[in-house]
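Student: This is the structure I have questions about; it appears just below.
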Amino acid sequence: MSVPWTIKHKPKTISEMVGSSNGNGKAIQQFIAWMRSWESGVPKKKAALIYGPPGIGKTLLVETFAREHGYDLIELNASDQRSESIIQRVVGAASQQSTLFGTGKRLILLDEIDGITGKEDAGGLFAILKAIKDTRIPIVLIANDAWNPRFAALRSVCEMIEMKRLPTRLIVPYLKKICQKEGIEASDDALKLIAERSAGDVRSAINDLQAAAQGRKKLTKEDVAWLAYRDRQEQIFNVLRLIFTAKTVRGAKMALSLSDVDYNMLFEWIYENVPHQLTDLEDMYRAMEALAKTDLYLKLAKREQAWELLSYAFDLMTGGVALAREKTKPKWVPFKFPERIKLMSKTKEVREVQSRLAQKIKQKCHISSASALRDVVPFLRVIFEENPEHAAGLAKWLRLDLDEIAFLTQNNKLAQEIAELAGVKK
Amino acid sequence: MSFEMWTEKYRPKTLDDMLDQEEIVSRLKTFVKTKTMPHCLFAGPPGTGKTTAALCLARDLYGENYTEYFMELNASDERGINVVRERIKNFARTRAIGEVPFKIMVLDEADNMTADAQQALRRTMERYTETCRFILICNYSSKIIEPIQSRTALFRFMPLQEEYCIKWIQMIAEKEGVSLTEEGIRAIIDVCGGDLRKATNTLQAAAAFGGVVDDKAVYTVIGRAHPKEIREMIKLAISGNFVEAREKLRALLVNYGLSGLDVVRQIHSEILRMDIPERVKIELADATGEVDFRISQGADEEVQLSALLAKMAVVGGRM
């Protein structure tokens with residue numbers, strides 16, 4: 001995969017950000033005004049706390065502002081260790097240095113402060129408070145949830161800036177602009193679906209757009225239909241983690257009741273990830289067999305309206321998979337998105353060609369389209385690969401187009417040759 | 001230059017042209033003579049002339065314009081019984097004009113319909129019985145519900161006798177100017193049994209090589225017509241490479257357009273041919289049968305086949 005579009009198409013100026021004039025315009029103005037206030041001496045509130053849900057441009061706002069106004073950005077985020085001493089060292093040193101050396105303008109950014117918890121970060125909050133007290137340069141804090149009781153002391157010393165989820169109508173034009181730059185012709189309803197599914201999270205909308213559209217010339221609503229099946233991944237990851245580490249049936253089943261993830265969707269996630277999570281073959285087999293039984297019960301429950309079967313299905317899908325683990329050592333392996341859901345949208349074109357071909361054979365040969373694919377296509381393939389003249393005659397008789405011919409030859413040059421012989425118009 | 005699928009080019013046009021199935025043909029001829037017929041159930045293995053018999057009957061009854069009075073639906077293609085009912089209704093509600101007072105509706109692969117759908121079909125058959133006769137075509141009459149069986153005349157198609165198959169294949173080869181050796185015919189018969197469609201397709205594909213059709217050409221066609229991906233997928237699974245095997249499976253189902261049951265059955269015949277301990281063969285055959293059964297119960301093809309691949313991975317690990 002090439003560069004993530006969230007980076008490739010990052011706004012260069014604040015005015016290019018989604019929602020910079022409306023949407024989050026107010027919050028952005030509030031932030032700029034607060035930064036400006038530093039020009040006339042150290043203000044009363046020496047730190048700003050920008051908060052709001054993920055993917056709406058909190059970090060981006062600070063980064064872009066720093067670039068536009070020539071600030072050096074000193075950044076710490078949740079993946080760094082935040083013990084008291086580190087924060088003191090980094091924040092303390094940086095905030096002091098500017099007074100000592102008077103070099104360029106500086107700005108300290110502490111991203112994802114929600115992550116400051118537990119023993120490792122002990123004293124971290126205290127260190128931040130102390131740094132804010134001592135600082136002579138702006139400190140910006142970023143959090144998803146600013147109303148956590150732990151942040152009470154912080155709230156009182158910070159300029160509170162709230163950024164909100166962005167409405168679909170603002171996200172769509174932005175996605176459209178990206179498509180234009182990438183040379184993709186995207187339908188409005190496809191972009192609208194992506195924007196809606198993102199629930200105001202621009203970053204995830206752009207990621208989804210890239211997953212669906214990269215390498216294509218056109219993007220239709222059907223190409224992004226799989227998004228509708230996707231629940232917020234974080235929630236799914238938590239459920240998967242529970243299932244793959246549970247030691248009891250009860251523990252594993254709990255995962256299901258804790259979430260409101262659709263069980264069919266959860267099934268897809270588990271099914272995709274079993275071989276990656278359970279690497280011992282015997283363990284993997286037990287889990288796959290549990291899933292195969294799950295699938296059978298789910299389908300029977302639906303078809304026969306025998307909903308009492310669901311409870312066995314859930315046992316197997318959660319407990320069956322959890323307890324399949326005997327030899328595989330627990331190890332952190334990232335979860336993968338269910339490939340076959342993506343595959344269905346990616347292979348849409350091939351499947352369409354295939355079904356058109358099946359229809360044409362069906363009409364001429366008095367068989368079902370399933371039988372056309374099973375009983376006739378394999379023989380046609382041999383003929384089309386071996387004998388262009390014979391193939392051309394059949395192509396004409398079946399009125400095949402170039403795509404259908406290419407489906408049979410699996411070779412574009414040969415398909416071209418046959419199409420010419422058969423007089424197929426492009 | 002004119003090429004067609006030989007199965008269509010040489011498909012018999014009238015009941016007189018039909019091969020073998022003598023008793024069936026003579027019963028159908030009576031229908032033509034008296035211009036009456038009951039609802040019918042044509043049961044038998046693939047390639048034994050069920051659809052051809054229905055087409056010939058229609059042509060003999062109605063003449064060349066038979067398509068006005070005759071409609072073919074495929075139960076496995078039409079989505080749901082409601083579509084079938086709607087189309088039947090539109091076709092059957094108007095009376096046929098002419099000597100024959102009814103139309104004919106052929107419903108192919110009727111054994112793929114669920115019991116519920118068959119019940120609904122039964123009611124539809126009754127409603128339009130005055131204006132329309134049904135010919136239901138299936139492989140297994142036992143998969144047709146009793147009430148329909150009791151309302152239809154059963155015609156049981158047998159696999160074609162070898163001598164007829166040979167005669168047929170030789171006739172086509174002669175007309176198409178294909179030189180066909182004794183061994184070539186033998187190979188076609190061995191591979192295709194009494195399935196004339198498969199035999200004809202095999203001959204046509206083998207003739208496409210451009211040379212003499214001998215046993216080698218026939219086996220080449222058969223080998224290539226069965227995607228080698230299935231064997232590769234099994235090998236990957238047995239060597240413990242499950243993730244890649246599952247990707248292959250996806251490619252087969254999606255790119256090749258094979259149905260899950262096709263894959264299951266080809267896996268089955270591969271397993272028996274493989275160079276693995278006999279006990280393992282029967283263990284895998286058992287697992288394959290289980291998958292076949294579950295898919296026929298409506299389970300997901302890929303999930304079930306994946307479980308089989310996982311089983312192969314375990315068995316391969318033990319070997």
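Naming works like this for the structure tokens: A, B, ... for the chains as they're shown, residue 1 at the start of each chain, ligands 1 onward in shown order.
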For chain A, which residues have at least one atom within 8 Å of chain B, if we go by only C-alpha atoms? Write them as a PyMOL selection string, please.
Tutor: chain A and resi 271+275+281-282+284-285+288-289+291-292+295-296+299-300+340+347+350-351+354+364-370+373-376+378-383+386-387+390+393-394+397
Student: Mind checking which residues fall within 7 Å of Ala290 in chain A, counting only C-alpha atoms, ignoring those fewer than 4 positions away in the same chain, and posting them as a list of chain:residue names?
Tutor: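 Counting only the stated atoms, we get A:Arg286, A:Thr294, A:Leu316, A:Met317, A:Gly320, A:Val321.
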Student: Write out as a short mmCIF file (atom, residue, chain, number, x, y, z; two decimals) with N, CA, C and O atoms, in the first residue's frame all residues of range 79-275 of chain B that DSSP puts in strand (DSSP E or B) for this structure's backbone.
Tutor:
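Saved to out_5.cif:
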```
data_model
loop_
_atom_site.label_atom_id
_atom_site.label_comp_id
_atom_site.auth_asym_id
_atom_site.auth_seq_id
_atom_site.Cartn_x
_atom_site.Cartn_y
_atom_site.Cartn_z
N LYS B 103 -50.64 -24.55 -22.43
CA LYS B 103 -49.23 -24.21 -22.62
C LYS B 103 -48.38 -25.14 -21.77
O LYS B 103 -48.88 -25.84 -20.90
N ILE B 104 -47.08 -25.10 -22.01
CA ILE B 104 -46.18 -25.94 -21.19
C ILE B 104 -45.16 -25.07 -20.46
O ILE B 104 -44.52 -24.22 -21.06
N MET B 105 -45.09 -25.29 -19.18
CA MET B 105 -44.08 -24.60 -18.37
C MET B 105 -43.08 -25.63 -17.87
O MET B 105 -43.45 -26.59 -17.21
N VAL B 106 -41.82 -25.43 -18.25
CA VAL B 106 -40.77 -26.34 -17.78
C VAL B 106 -40.03 -25.71 -16.62
O VAL B 106 -39.57 -24.57 -16.72
N LEU B 107 -39.96 -26.40 -15.53
CA LEU B 107 -39.24 -25.89 -14.37
C LEU B 107 -38.05 -26.80 -14.10
O LEU B 107 -38.20 -27.92 -13.59
N ASP B 108 -36.88 -26.32 -14.47
CA ASP B 108 -35.67 -27.14 -14.38
C ASP B 108 -35.07 -27.06 -12.98
O ASP B 108 -35.28 -26.09 -12.26
N CYS B 132 -52.39 -24.62 -18.30
CA CYS B 132 -50.95 -24.84 -18.35
C CYS B 132 -50.55 -26.20 -17.76
O CYS B 132 -51.07 -26.62 -16.73
N ARG B 133 -49.64 -26.88 -18.46
CA ARG B 133 -49.09 -28.13 -17.92
C ARG B 133 -47.66 -27.89 -17.49
O ARG B 133 -46.90 -27.19 -18.16
N PHE B 134 -47.31 -28.49 -16.39
CA PHE B 134 -45.95 -28.33 -15.87
C PHE B 134 -45.11 -29.55 -16.15
O PHE B 134 -45.58 -30.68 -16.01
N ILE B 135 -43.89 -29.32 -16.56
CA ILE B 135 -42.90 -30.40 -16.58
C ILE B 135 -41.80 -30.01 -15.59
O ILE B 135 -41.11 -29.02 -15.78
N LEU B 136 -41.71 -30.76 -14.51
CA LEU B 136 -40.66 -30.49 -13.53
C LEU B 136 -39.48 -31.39 -13.83
O LEU B 136 -39.65 -32.59 -14.06
N ILE B 137 -38.30 -30.81 -13.86
CA ILE B 137 -37.10 -31.59 -14.15
C ILE B 137 -36.21 -31.62 -12.92
O ILE B 137 -36.00 -30.60 -12.26
N CYS B 138 -35.73 -32.80 -12.59
CA CYS B 138 -34.86 -32.90 -11.42
C CYS B 138 -33.90 -34.08 -11.56
O CYS B 138 -34.10 -34.94 -12.40
N ALA B 153 -46.94 -37.25 -13.57
CA ALA B 153 -46.54 -38.55 -14.12
C ALA B 153 -45.02 -38.60 -14.12
O ALA B 153 -44.37 -37.67 -14.62
N LEU B 154 -44.49 -39.65 -13.53
CA LEU B 154 -43.03 -39.73 -13.38
C LEU B 154 -42.39 -40.37 -14.61
O LEU B 154 -42.83 -41.44 -15.08
N PHE B 155 -41.37 -39.72 -15.12
CA PHE B 155 -40.57 -40.29 -16.20
C PHE B 155 -39.15 -40.43 -15.69
O PHE B 155 -38.50 -39.42 -15.36
N ARG B 156 -38.67 -41.68 -15.61
CA ARG B 156 -37.34 -41.88 -15.05
C ARG B 156 -36.32 -42.07 -16.17
O ARG B 156 -36.37 -43.06 -16.89
N LEU B 180 -11.35 -39.33 -34.95
CA LEU B 180 -11.51 -39.79 -33.57
C LEU B 180 -11.04 -41.23 -33.51
O LEU B 180 -11.54 -42.08 -34.26
N VAL B 213 -8.27 -36.75 -32.35
CA VAL B 213 -8.77 -36.89 -30.97
C VAL B 213 -8.53 -38.31 -30.48
O VAL B 213 -9.23 -39.24 -30.86
#
```
Student: Check the smallest atom-to-atom distance from each of A:Leu242, A:Ala143, A:Ala131, A:Leu357 to Thr59 in chain A using only C-alpha atoms, then report the winner.
Tutor: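 Closest to Thr59 in chain A, using only C-alpha atoms: A:Ala143.
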Student: I'd like to know which of B:Ala43, B:Val178, B:Leu249, B:Ile234 is closest to His268 in chain B, using only C-alpha atoms.
Tutor: B:Ile234
Student: Could you list, as a list in words, every residue within 9 Å of Gly251 in chain A, counting only C-alpha atoms and ignoring same-chain residues fewer than 5 positions away?
Tutor: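 So the residues in contact are Leu242, Ile243, Ala246, Thr318 and Gly319 of chain A.
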Student: Using only N, CA, C and O atoms, please write the residues we just selected to a file, as a tab-separated table (two decimals), in the first residue's frame.
Tutor:
```tsv
chain	number	residue	atom	x	y	z
A	242	LEU	N	-11.18	-10.36	23.91
A	242	LEU	CA	-11.78	-11.16	24.98
A	242	LEU	C	-11.95	-12.61	24.55
A	242	LEU	O	-11.64	-13.53	25.29
A	243	ILE	N	-12.45	-12.79	23.33
A	243	ILE	CA	-12.73	-14.15	22.88
A	243	ILE	C	-11.44	-14.95	22.71
A	243	ILE	O	-11.35	-16.10	23.13
A	246	ALA	N	-10.00	-15.70	26.37
A	246	ALA	CA	-10.82	-16.26	27.46
A	246	ALA	C	-10.38	-17.67	27.83
A	246	ALA	O	-9.91	-18.43	26.98
A	318	THR	N	-17.99	-18.39	20.50
A	318	THR	CA	-17.15	-17.73	21.51
A	318	THR	C	-16.34	-18.77	22.29
A	318	THR	O	-15.13	-18.89	22.10
A	319	GLY	N	-17.03	-19.59	23.09
A	319	GLY	CA	-16.35	-20.59	23.90
A	319	GLY	C	-15.61	-21.61	23.06
A	319	GLY	O	-14.48	-22.00	23.36
```
Student: Which is closer to Leu421 in chain A than all the others in A:Ala225, A:Ala255, A:Ile405, A:Ala48, using only C-alpha atoms?
Tutor: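 Smallest distance to Leu421 in chain A is found for A:Ile405.
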Student: Could you please determine the separation between CA of Glu404 in chain A and CA of Ala392 in chain A in Å, to one decimal place?
Tutor: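 The value is 12.1 Å.
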Student: Can you list, as a PyMOL selection string, all residues belonging to range 197-263 of chain B that DSSP tags as helix (DSSP H, G or I)?
Tutor: chain B and resi 197-207+215-225+229-238+242-254+260-263
Student: Can you pull out the residues contacting Asn24 in chain A? Cut-off 9 Å, using only C-alpha atoms, and skip same-chain residues under 3 positions away; I want them as a list in words.
Tutor: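 What passes the distance filter is Val18, Gly19, Ser20, Ser21, Ala27, Ile28, Gln29, Ile56, Glu162, Met163, Lys164, Arg165 and Leu166 of chain A.
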Student: Do you have the CA of Ile230 in chain B-CA of Thr48 in chain B distance handy?
Tutor: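 Going from CA of Ile230 in chain B over to CA of Thr48 in chain B, I get 27.7 Å.
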Student: Kindly give the distance, in Å, that separates CA of Asp188 in chain A and CA of Thr220 in chain A, rounded to a single decimal.
Tutor: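 For CA of Asp188 in chain A relative to CA of Thr220 in chain A, the distance reads 8.4 Å.
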Student: Which is closest to Asn82 in chain B among B:Ala120, B:Gly223, B:Thr94, B:Gly49, if we use only C-alpha atoms?
Tutor: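 Comparing B:Ala120, B:Gly223, B:Thr94, B:Gly49 against Asn82 in chain B, the winner is B:Ala120.
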Student: List the spatial neighbours of Thr36 in chain B as a list in words - criterion: any atom at most 9 Å away, only C-alpha atoms, same-chain residues fewer than 6 positions off excluded.
Tutor: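 Using only C-alpha atoms, the neighbours found are Thr30, Val100, Pro101 and Phe102 of chain B.
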Student: Which residue, A:Gln235, A:Glu349, A:Leu309, A:Ala146, has the smallest gap to Lys218 in chain A when you use only C-alpha atoms?
Tutor: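 Among A:Gln235, A:Glu349, A:Leu309, A:Ala146, it is A:Glu349 that comes nearest to Lys218 in chain A.
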